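Listing of final-v6.cif; format and content: mmCIF, C-alpha atoms.
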data_upload
#
loop_
_atom_site.label_atom_id
_atom_site.label_comp_id
_atom_site.auth_asym_id
_atom_site.auth_seq_id
_atom_site.Cartn_x
_atom_site.Cartn_y
_atom_site.Cartn_z
CA MET W 1 0.00 0.00 0.00
CA ARG W 2 2.88 2.40 0.80
CA PHE W 3 4.34 1.65 -2.62
CA ILE W 4 1.05 2.54 -4.34
CA LEU W 5 0.61 5.70 -2.22
CA ARG W 6 4.12 6.91 -3.10
CA ARG W 7 3.46 6.35 -6.77
CA GLY W 8 0.04 8.00 -6.48
CA GLY W 9 1.53 11.09 -4.83
CA PHE W 10 4.14 11.39 -7.56
CA PHE W 11 1.36 10.99 -10.15
CA LEU W 12 -0.69 13.84 -8.65
CA LEU W 13 2.33 16.14 -8.46
CA THR W 14 3.28 15.40 -12.06
CA LEU W 15 -0.34 15.86 -13.18
CA TRP W 16 -0.50 19.29 -11.53
CA ALA W 17 2.77 20.30 -13.24
CA ALA W 18 1.47 19.06 -16.61
CA VAL W 19 -1.83 20.93 -16.19
CA THR W 20 0.03 24.13 -15.29
CA ILE W 21 2.42 23.85 -18.23
CA ASN W 22 -0.56 23.16 -20.49
CA PHE W 23 -2.13 26.41 -19.26
CA PHE W 24 0.91 28.57 -19.95
CA LEU W 25 2.10 27.10 -23.27
CA PRO W 26 -0.76 28.41 -25.48
CA ARG W 27 -0.51 31.80 -23.80
CA LEU W 28 3.20 31.99 -24.65
CA MET W 29 2.49 31.19 -28.30
CA PRO W 30 1.90 34.04 -30.74
CA GLY W 31 -1.64 34.74 -31.84
CA ASN W 32 -5.07 34.82 -30.27
CA PRO W 33 -7.93 32.45 -31.19
CA ALA W 34 -10.46 35.22 -30.74
CA LEU W 35 -8.58 37.45 -33.22
CA ALA W 36 -8.35 34.50 -35.59
CA MET W 37 -12.13 34.16 -35.42
CA VAL W 38 -12.45 37.90 -36.06
CA ALA W 39 -10.38 37.39 -39.21
CA LYS W 40 -12.92 34.86 -40.41
CA PHE W 41 -15.57 37.56 -40.10
CA HIS W 42 -13.27 40.03 -41.92
CA GLY W 43 -13.25 42.32 -38.90
CA ARG W 44 -17.03 42.84 -38.86
CA LEU W 45 -17.29 42.43 -35.08
CA THR W 46 -17.71 44.93 -32.26
CA GLY W 47 -15.33 45.27 -29.33
CA GLN W 48 -17.87 43.64 -27.03
CA ALA W 49 -18.14 40.69 -29.41
CA LEU W 50 -14.35 40.32 -29.31
CA VAL W 51 -14.39 40.24 -25.48
CA SER W 52 -17.14 37.62 -25.61
CA LEU W 53 -15.07 35.51 -28.03
CA GLU W 54 -12.06 35.78 -25.73
CA ASP W 55 -14.20 34.51 -22.86
CA LEU W 56 -15.52 31.75 -25.10
CA PHE W 57 -12.03 30.58 -26.05
CA GLY W 58 -10.64 30.99 -22.53
CA VAL W 59 -8.12 33.72 -23.32
CA ASN W 60 -9.61 36.70 -21.55
CA THR W 61 -6.73 39.16 -21.78
CA HIS W 62 -8.55 41.64 -19.50
CA ALA W 63 -8.27 39.31 -16.49
CA SER W 64 -5.04 38.69 -14.61
CA LEU W 65 -3.07 35.55 -15.37
CA PHE W 66 -3.80 34.16 -11.90
CA VAL W 67 -7.55 34.65 -12.37
CA GLN W 68 -7.34 32.97 -15.77
CA TYR W 69 -5.47 30.08 -14.16
CA LEU W 70 -8.15 29.61 -11.50
CA HIS W 71 -10.88 29.69 -14.15
CA TYR W 72 -8.85 27.18 -16.17
CA LEU W 73 -8.61 24.75 -13.23
CA GLY W 74 -12.34 25.13 -12.60
CA ASP W 75 -13.12 24.45 -16.26
CA ILE W 76 -10.94 21.31 -16.25
CA ALA W 77 -12.68 20.05 -13.12
CA THR W 78 -16.07 20.45 -14.84
CA GLY W 79 -14.91 19.14 -18.22
CA ASN W 80 -15.38 22.52 -19.91
CA PHE W 81 -12.57 23.04 -22.44
CA GLY W 82 -14.21 25.86 -24.36
CA THR W 83 -15.27 26.07 -27.99
CA SER W 84 -13.28 24.84 -30.95
CA LEU W 85 -12.13 27.48 -33.40
CA TYR W 86 -11.74 25.17 -36.40
CA PHE W 87 -14.95 23.20 -35.71
CA TYR W 88 -16.88 26.26 -34.51
CA PRO W 89 -19.46 26.28 -32.94
CA GLU W 90 -18.80 22.72 -31.68
CA SER W 91 -17.47 22.46 -28.12
CA VAL W 92 -13.97 21.07 -27.66
CA SER W 93 -15.31 18.28 -25.45
CA ARG W 94 -17.66 17.12 -28.21
CA VAL W 95 -14.90 17.18 -30.84
CA VAL W 96 -12.53 15.17 -28.61
CA LEU W 97 -15.20 12.64 -27.59
CA ASP W 98 -16.06 12.09 -31.25
CA ALA W 99 -12.40 11.44 -32.13
CA ILE W 100 -11.38 9.17 -29.24
CA PRO W 101 -13.38 6.06 -30.31
CA TRP W 102 -11.77 6.14 -33.77
CA THR W 103 -8.27 6.28 -32.32
CA LEU W 104 -8.94 3.63 -29.69
CA GLY W 105 -10.51 1.37 -32.29
CA LEU W 106 -7.61 1.73 -34.74
CA VAL W 107 -4.41 2.37 -32.78
CA GLY W 108 -5.59 0.59 -29.63
CA VAL W 109 -6.56 -2.64 -31.38
CA ALA W 110 -3.40 -2.57 -33.52
CA THR W 111 -1.23 -2.09 -30.41
CA ILE W 112 -2.90 -4.96 -28.53
CA LEU W 113 -2.65 -7.29 -31.55
CA ALA W 114 1.02 -6.37 -32.06
CA PHE W 115 1.77 -7.11 -28.40
CA VAL W 116 -0.09 -10.43 -28.27
CA LEU W 117 1.19 -11.76 -31.60
CA GLY W 118 4.70 -10.37 -31.10
CA THR W 119 5.00 -11.86 -27.62
CA GLY W 120 3.84 -15.26 -28.88
CA VAL W 121 6.25 -15.29 -31.82
CA GLY W 122 9.09 -14.10 -29.58
CA ILE W 123 8.47 -16.94 -27.12
CA VAL W 124 8.49 -19.60 -29.84
CA SER W 125 11.53 -18.08 -31.58
CA ALA W 126 13.59 -18.11 -28.37
CA TRP W 127 12.47 -21.62 -27.46
CA ARG W 128 13.56 -22.84 -30.91
CA ARG W 129 16.84 -20.93 -30.77
CA GLY W 130 19.29 -22.10 -33.40
CA THR W 131 16.63 -23.48 -35.76
CA TRP W 132 15.63 -22.08 -39.15
CA LEU W 133 12.72 -20.21 -37.51
CA ASP W 134 15.03 -18.32 -35.18
CA GLY W 135 17.35 -17.64 -38.10
CA ILE W 136 14.57 -15.92 -40.07
CA VAL W 137 12.54 -14.08 -37.44
CA PRO W 138 15.11 -11.60 -35.97
CA PRO W 139 16.53 -10.19 -39.25
CA VAL W 140 13.09 -9.94 -40.89
CA PHE W 141 11.51 -8.02 -38.03
CA VAL W 142 14.56 -5.83 -37.49
CA ILE W 143 13.92 -4.58 -41.02
CA THR W 144 10.15 -4.14 -40.58
CA SER W 145 10.67 -2.23 -37.32
CA ALA W 146 12.91 0.27 -39.13
CA ILE W 147 10.37 1.05 -41.88
CA PRO W 148 8.27 4.19 -41.22
CA TYR W 149 4.65 3.17 -40.73
CA PHE W 150 3.33 6.06 -42.82
CA TRP W 151 5.43 4.84 -45.78
CA VAL W 152 3.90 1.37 -45.42
CA GLY W 153 0.48 3.03 -45.31
CA MET W 154 1.15 4.93 -48.55
CA MET W 155 2.32 1.70 -50.24
CA PHE W 156 -0.89 -0.02 -49.11
CA ILE W 157 -2.95 2.84 -50.54
CA LEU W 158 -1.09 2.62 -53.85
CA ILE W 159 -1.30 -1.17 -54.17
CA PHE W 160 -4.52 -2.25 -52.46
CA GLY W 161 -6.48 0.98 -52.68
CA ILE W 162 -5.65 2.52 -56.08
CA ARG W 163 -4.19 -0.26 -58.21
CA LEU W 164 -6.18 -3.31 -57.07
CA GLN W 165 -9.10 -1.37 -55.54
CA TRP W 166 -9.63 -4.08 -52.95
CA LEU W 167 -10.09 -1.85 -49.91
CA PRO W 168 -11.11 1.76 -49.16
CA TYR W 169 -8.29 4.05 -48.10
CA THR W 170 -9.78 7.36 -47.03
CA PHE W 171 -11.78 8.46 -43.98
CA GLY W 172 -13.24 6.13 -41.34
CA TYR W 173 -16.37 5.11 -43.23
CA ASP W 174 -18.33 5.76 -46.41
CA PRO W 175 -19.90 9.26 -46.07
CA THR W 176 -23.02 8.01 -47.87
CA LEU W 177 -23.81 5.75 -44.89
CA THR W 178 -25.63 6.92 -41.79
CA PRO W 179 -23.59 6.19 -38.65
CA GLY W 180 -25.28 3.73 -36.31
CA LEU W 181 -25.04 0.35 -34.62
CA ASN W 182 -26.00 -1.69 -37.64
CA ALA W 183 -24.20 -4.40 -39.61
CA ALA W 184 -23.73 -2.27 -42.74
CA PHE W 185 -22.07 0.63 -40.93
CA ILE W 186 -19.91 -1.52 -38.61
CA GLY W 187 -18.74 -3.65 -41.55
CA ASN W 188 -17.85 -0.52 -43.51
CA VAL W 189 -15.89 0.91 -40.55
CA LEU W 190 -13.92 -2.33 -40.21
CA GLU W 191 -13.23 -2.34 -43.94
CA HIS W 192 -11.83 1.20 -43.79
CA ALA W 193 -9.64 0.27 -40.79
CA VAL W 194 -7.91 -2.72 -42.43
CA LEU W 195 -5.15 -0.87 -44.29
CA PRO W 196 -4.11 1.61 -41.54
CA ALA W 197 -4.28 -1.15 -38.89
CA LEU W 198 -2.09 -3.47 -40.98
CA ALA W 199 0.42 -0.68 -41.56
CA LEU W 200 0.70 -0.12 -37.80
CA LEU W 201 0.78 -3.84 -37.02
CA ILE W 202 3.55 -4.68 -39.48
CA THR W 203 5.83 -1.88 -38.31
CA THR W 204 5.32 -2.31 -34.54
CA ILE W 205 5.11 -6.07 -34.05
CA GLY W 206 8.86 -6.48 -34.57
CA THR W 207 9.68 -4.57 -31.39
CA TRP W 208 7.63 -6.95 -29.25
CA ILE W 209 9.03 -10.02 -31.02
CA LEU W 210 12.66 -8.99 -30.55
CA THR W 211 12.33 -7.83 -26.94
CA MET W 212 10.40 -10.95 -25.92
CA ARG W 213 12.89 -13.21 -27.69
CA ASN W 214 15.83 -11.55 -25.92
CA ASN W 215 14.08 -11.77 -22.54
CA MET W 216 13.28 -15.44 -23.13
CA VAL W 217 16.86 -16.28 -24.14
CA THR W 218 18.13 -14.74 -20.89
CA THR W 219 15.46 -16.47 -18.78
CA LEU W 220 16.10 -19.88 -20.34
CA ALA W 221 19.63 -19.75 -18.93
CA GLU W 222 18.38 -19.31 -15.33
CA ASP W 223 18.91 -22.04 -12.74
CA TYR W 224 15.21 -22.65 -12.08
CA VAL W 225 14.66 -23.42 -15.78
CA ARG W 226 17.55 -25.88 -15.72
CA MET W 227 16.08 -27.46 -12.61
CA ALA W 228 12.73 -27.85 -14.36
CA ARG W 229 14.45 -29.57 -17.28
CA ALA W 230 16.30 -31.85 -14.87
CA LYS W 231 13.00 -32.84 -13.25
CA GLY W 232 11.76 -34.00 -16.64
CA LEU W 233 8.83 -31.56 -16.83
CA PRO W 234 7.05 -31.29 -20.20
CA ASN W 235 8.62 -28.78 -22.60
CA ARG W 236 5.36 -26.88 -23.00
CA ARG W 237 5.12 -26.32 -19.24
CA ILE W 238 8.74 -25.22 -18.97
CA MET W 239 8.33 -22.82 -21.89
CA LEU W 240 5.11 -21.18 -20.64
CA ASP W 241 5.05 -21.55 -16.84
CA TYR W 242 8.76 -21.18 -16.05
CA ALA W 243 10.35 -19.17 -18.85
CA ALA W 244 7.67 -17.06 -20.56
CA ARG W 245 5.90 -16.17 -17.32
CA ASN W 246 9.04 -14.49 -15.96
CA ALA W 247 10.37 -13.15 -19.26
CA ILE W 248 7.15 -11.29 -20.05
CA LEU W 249 7.37 -8.92 -17.05
CA PRO W 250 9.55 -6.25 -18.78
CA ASN W 251 7.27 -6.46 -21.83
CA LEU W 252 4.20 -5.83 -19.66
CA THR W 253 5.77 -2.59 -18.47
CA GLY W 254 6.44 -1.51 -22.05
CA PHE W 255 2.93 -2.53 -23.08
CA ALA W 256 1.35 -0.44 -20.31
CA MET W 257 3.37 2.58 -21.44
CA SER W 258 2.46 2.04 -25.09
CA LEU W 259 -1.24 2.00 -24.19
CA GLY W 260 -0.82 5.51 -22.80
CA PHE W 261 0.45 6.76 -26.13
CA VAL W 262 -2.49 5.12 -27.93
CA VAL W 263 -4.74 8.04 -26.96
CA GLY W 264 -2.45 10.42 -28.86
CA GLY W 265 -3.14 8.42 -32.00
CA ALA W 266 -0.80 7.80 -34.89
CA ILE W 267 -0.74 11.28 -36.41
CA LEU W 268 0.94 10.40 -39.70
CA ILE W 269 -1.18 7.28 -40.29
CA GLU W 270 -4.37 9.18 -39.52
CA TYR W 271 -3.24 11.98 -41.81
CA VAL W 272 -2.30 9.63 -44.67
CA PHE W 273 -5.63 7.81 -44.47
CA ASP W 274 -7.64 10.93 -43.56
CA TYR W 275 -8.78 8.99 -40.49
CA PRO W 276 -10.91 11.04 -38.02
CA GLY W 277 -8.93 10.18 -34.87
CA VAL W 278 -7.23 12.21 -32.14
CA GLY W 279 -3.96 12.49 -34.07
CA TYR W 280 -5.72 13.95 -37.10
CA MET W 281 -7.66 16.38 -34.90
CA LEU W 282 -4.41 17.48 -33.23
CA LEU W 283 -2.87 18.18 -36.61
CA GLN W 284 -5.91 20.23 -37.64
CA ALA W 285 -5.77 22.15 -34.37
CA VAL W 286 -2.09 23.07 -34.86
CA GLU W 287 -2.51 24.02 -38.52
CA ASN W 288 -5.55 26.23 -37.80
CA GLU W 289 -4.32 27.74 -34.50
CA ASP W 290 -7.23 26.15 -32.64
CA TYR W 291 -5.75 26.75 -29.18
CA PRO W 292 -8.67 25.42 -27.08
CA LEU W 293 -8.72 22.12 -29.01
CA MET W 294 -4.93 21.92 -29.00
CA GLN W 295 -4.84 22.51 -25.25
CA ALA W 296 -7.48 19.85 -24.54
CA LEU W 297 -5.74 17.26 -26.71
CA PHE W 298 -2.35 17.94 -25.13
CA LEU W 299 -3.90 17.52 -21.69
CA LEU W 300 -5.68 14.32 -22.73
CA ILE W 301 -2.48 12.79 -24.08
CA THR W 302 -0.49 13.87 -21.01
CA VAL W 303 -3.01 12.37 -18.58
CA ALA W 304 -3.18 9.13 -20.59
CA VAL W 305 0.62 8.78 -20.58
CA LEU W 306 0.82 9.55 -16.84
CA VAL W 307 -1.84 6.94 -16.07
CA ALA W 308 0.03 4.43 -18.24
CA LEU W 309 3.30 5.18 -16.42
CA LEU W 310 1.53 4.72 -13.08
CA LEU W 311 0.18 1.35 -14.20
CA ALA W 312 3.61 0.42 -15.55
CA ASP W 313 5.05 1.11 -12.08
CA ILE W 314 2.35 -0.77 -10.20
CA ALA W 315 1.97 -3.80 -12.50
CA PRO W 316 5.48 -5.25 -11.89
CA ALA W 317 5.01 -4.78 -8.14
CA ILE W 318 1.82 -6.84 -8.31
CA PHE W 319 3.23 -9.63 -10.48
CA ASP W 320 6.77 -9.60 -9.03
CA PRO W 321 6.95 -8.73 -5.29
CA ARG W 322 10.75 -8.41 -5.52
CA THR W 323 10.34 -5.01 -7.19
CA ARG W 324 8.42 -3.53 -4.23
CA SER W 325 11.48 -3.15 -2.05
CA ALA W 326 13.30 -1.48 -4.94
CA GLY W 327 10.44 1.01 -5.30
#

Written form, structure tokens:
Amino acid sequence: MRFILRRGGFFLLTLWAAVTINFFLPRLMPGNPALAMVAKFHGRLTGQALVSLEDLFGVNTHASLFVQYLHYLGDIATGNFGTSLYFYPESVSRVVLDAIPWTLGLVGVATILAFVLGTGVGIVSAWRRGTWLDGIVPPVFVITSAIPYFWVGMMFILIFGIRLQWLPYTFGYDPTLTPGLNAAFIGNVLEHAVLPALALLITTIGTWILTMRNNMVTTLAEDYVRMARAKGLPNRRIMLDYAARNAILPNLTGFAMSLGFVVGGAILIEYVFDYPGVGYMLLQAVENEDYPLMQALFLLITVAVLVALLLADIAPAIFDPRTRSAG
């Protein structure tokens, strides 16, 4: 419990620092979202309308910075992140909530599949060390891990989308369909997700394969594994219960951290496929100086990463009590 409380206290302190930095960063950047909105109206706004827009976008320059900060903390506590400039008059909360499911469905599923499949292949490759399988797996996946995932995505678009026309390659679904929980729409969403998900899977699975293989090779040389072999235990039990169970602990930490970055999306993949996820929204916010949306997305990504780091600290302590004393 003391271990968890220490980690929780560090999490809260880091969260406060991240929230504070997130408050000051947009205010240190040049420009003003309210003035940008005025530009859209070609200056046909009164001074009172400009003040109202500044209040709407949370950049009231007439209030002191401390007062703005207090209002900002209150807005975060109530989930009020203001109004989006680019998607005006949509609220930032609505824009973010609409984008999160797309990112979780694409990047989240691809990350989980890469971890599960990569861990399995890494276990088998290490267990069959010295065979033809182990001779092929490491060099192949070293190469795939070095290929940029957006380049793979563009090749998929060229081959399977444009040349062969097997799969759709733009947006998250066919705009002619009405979104809803029906077979036609869900099937169309899955069809649109195939190419970007494969691009992410192919370029990220190698990391899990190689790290798991290296962990397994080290674990297989431990004394308790040798003792299990000497006892004549079945190979399957030695591989899974003795070797893989201990070798997977470092990978679990990395997996927990990678889940935190899932919320940020894969910006280049979402941009290449015009996919309506968080990464694509962040790019639109930066390009169009949408400070409220940018600020909310930065905070969302920061909180997700901090939670993932907290879980990555706690998970090894739960599965391996030896790490508690070190913490």

Check what the PyMOL selection byres ((chain W and resi 76) around 12) selects in the file above and give those residues as a ChimeraX atom specification. /W:16,19-20,22-23,58,69-75,77-82,92-93,292,295-296,299-300

Gap from atom CA of Val124 of chain W to atom CA of Leu210 of chain W - Å, one decimal: 11.4 Å

Residues near Leu167 of chain W, anyone? I mean within 7 Å using only C-alpha atoms, not counting same-chain ones fewer than 5 positions away, as a list in words.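 Listed by chain and then number, they are Phe160, Gly161 and Glu191 of chain W.
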
Pick from W:Pro175, W:Ile202, W:Asn188, W:Gln284 nearest to Ala146 of chain W, counting all atoms listed in the file: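 Residue with the minimum atom-to-atom distance to Ala146 of chain W: W:Ile202.
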
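With atom CA of Ile314 of chain W on one side and atom CA of Phe11 of chain W on the other, the separation reads 11.8 Å.
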
Please check which residues have atoms at most 8 Å from (5.4, 9.5, -22.0) in the file's coordinates, counting only C-alpha atoms, and write them as a list in words.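 Applying the cut-off with only C-alpha atoms, one gets Met257, Gly260, Phe261, Thr302, Val305, Leu306 and Leu309 of chain W.
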
Run through the PyMOL selection byres ((chain W and resi 118) around 12) on the given coordinates and return the selected residues as a ChimeraX atom specification. /W:110-117,119-125,137-138,141,145,201-213,248,251,255

Do you know which residues are at most 10 Å from segment 152-158 of chain W counting all atoms listed in the file, after dropping those on the same chain fewer than 5 positions away, and could you put them as a count of residues only? 23

Can you spell out as a PyMOL selection string the set of residues that the PyMOL selection byres ((chain W and resi 243) around 10) selects in the structure I just provided? chain W and resi 123+127+215-222+224-225+237-242+244-248

So for segment 212-226 of chain W, what box centre and size do we get, axis-aligned, 4 Å extra on each of the six sides, every listed atom, Å to one decimal, as JSON?
{"center_x": 15.0, "center_y": -18.4, "center_z": -19.9, "size_x": 17.2, "size_y": 22.9, "size_z": 23.6}

Any idea what's packed within 8 Å of Gly8 of chain W, counting only C-alpha atoms, ignoring anything in its chain fewer than 4 positions away? Could you give it as a ChimeraX atom specification? /W:4,12,310

Enumerate, as number ranges by chain, the protein, DNA and RNA residues whose atoms approach (-20.3, 4.5, -40.2) to within 12 Å, taking into account all atoms listed in the file and the coordinate frame of the file. W: 102, 171-193, 276

Grab the residues selected above and save them as a PDB file, keeping the file's coordinate frame with C-alpha atoms.
ATOM      1  CA  TRP W 102     -11.770   6.140 -33.770  1.00  0.00           C
ATOM      2  CA  PHE W 171     -11.780   8.460 -43.980  1.00  0.00           C
ATOM      3  CA  GLY W 172     -13.240   6.130 -41.340  1.00  0.00           C
ATOM      4  CA  TYR W 173     -16.370   5.110 -43.230  1.00  0.00           C
ATOM      5  CA  ASP W 174     -18.330   5.760 -46.410  1.00  0.00           C
ATOM      6  CA  PRO W 175     -19.900   9.260 -46.070  1.00  0.00           C
ATOM      7  CA  THR W 176     -23.020   8.010 -47.870  1.00  0.00           C
ATOM      8  CA  LEU W 177     -23.810   5.750 -44.890  1.00  0.00           C
ATOM      9  CA  THR W 178     -25.630   6.920 -41.790  1.00  0.00           C
ATOM     10  CA  PRO W 179     -23.590   6.190 -38.650  1.00  0.00           C
ATOM     11  CA  GLY W 180     -25.280   3.730 -36.310  1.00  0.00           C
ATOM     12  CA  LEU W 181     -25.040   0.350 -34.620  1.00  0.00           C
ATOM     13  CA  ASN W 182     -26.000  -1.690 -37.640  1.00  0.00           C
ATOM     14  CA  ALA W 183     -24.200  -4.400 -39.610  1.00  0.00           C
ATOM     15  CA  ALA W 184     -23.730  -2.270 -42.740  1.00  0.00           C
ATOM     16  CA  PHE W 185     -22.070   0.630 -40.930  1.00  0.00           C
ATOM     17  CA  ILE W 186     -19.910  -1.520 -38.610  1.00  0.00           C
ATOM     18  CA  GLY W 187     -18.740  -3.650 -41.550  1.00  0.00           C
ATOM     19  CA  ASN W 188     -17.850  -0.520 -43.510  1.00  0.00           C
ATOM     20  CA  VAL W 189     -15.890   0.910 -40.550  1.00  0.00           C
ATOM     21  CA  LEU W 190     -13.920  -2.330 -40.210  1.00  0.00           C
ATOM     22  CA  GLU W 191     -13.230  -2.340 -43.940  1.00  0.00           C
ATOM     23  CA  HIS W 192     -11.830   1.200 -43.790  1.00  0.00           C
ATOM     24  CA  ALA W 193      -9.640   0.270 -40.790  1.00  0.00           C
ATOM     25  CA  PRO W 276     -10.910  11.040 -38.020  1.00  0.00           C
TER      26      PRO W 276
END

Enter the distance from atom CA of Val67 of chain W to atom CA of Phe24 of chain W, in Å, rounded to one decimal. 12.9 Å

Nearest candidate to Val303 of chain W (options W:Ala18, W:Leu65, W:Asn214, W:Lys231; using all atoms listed in the file): W:Ala18
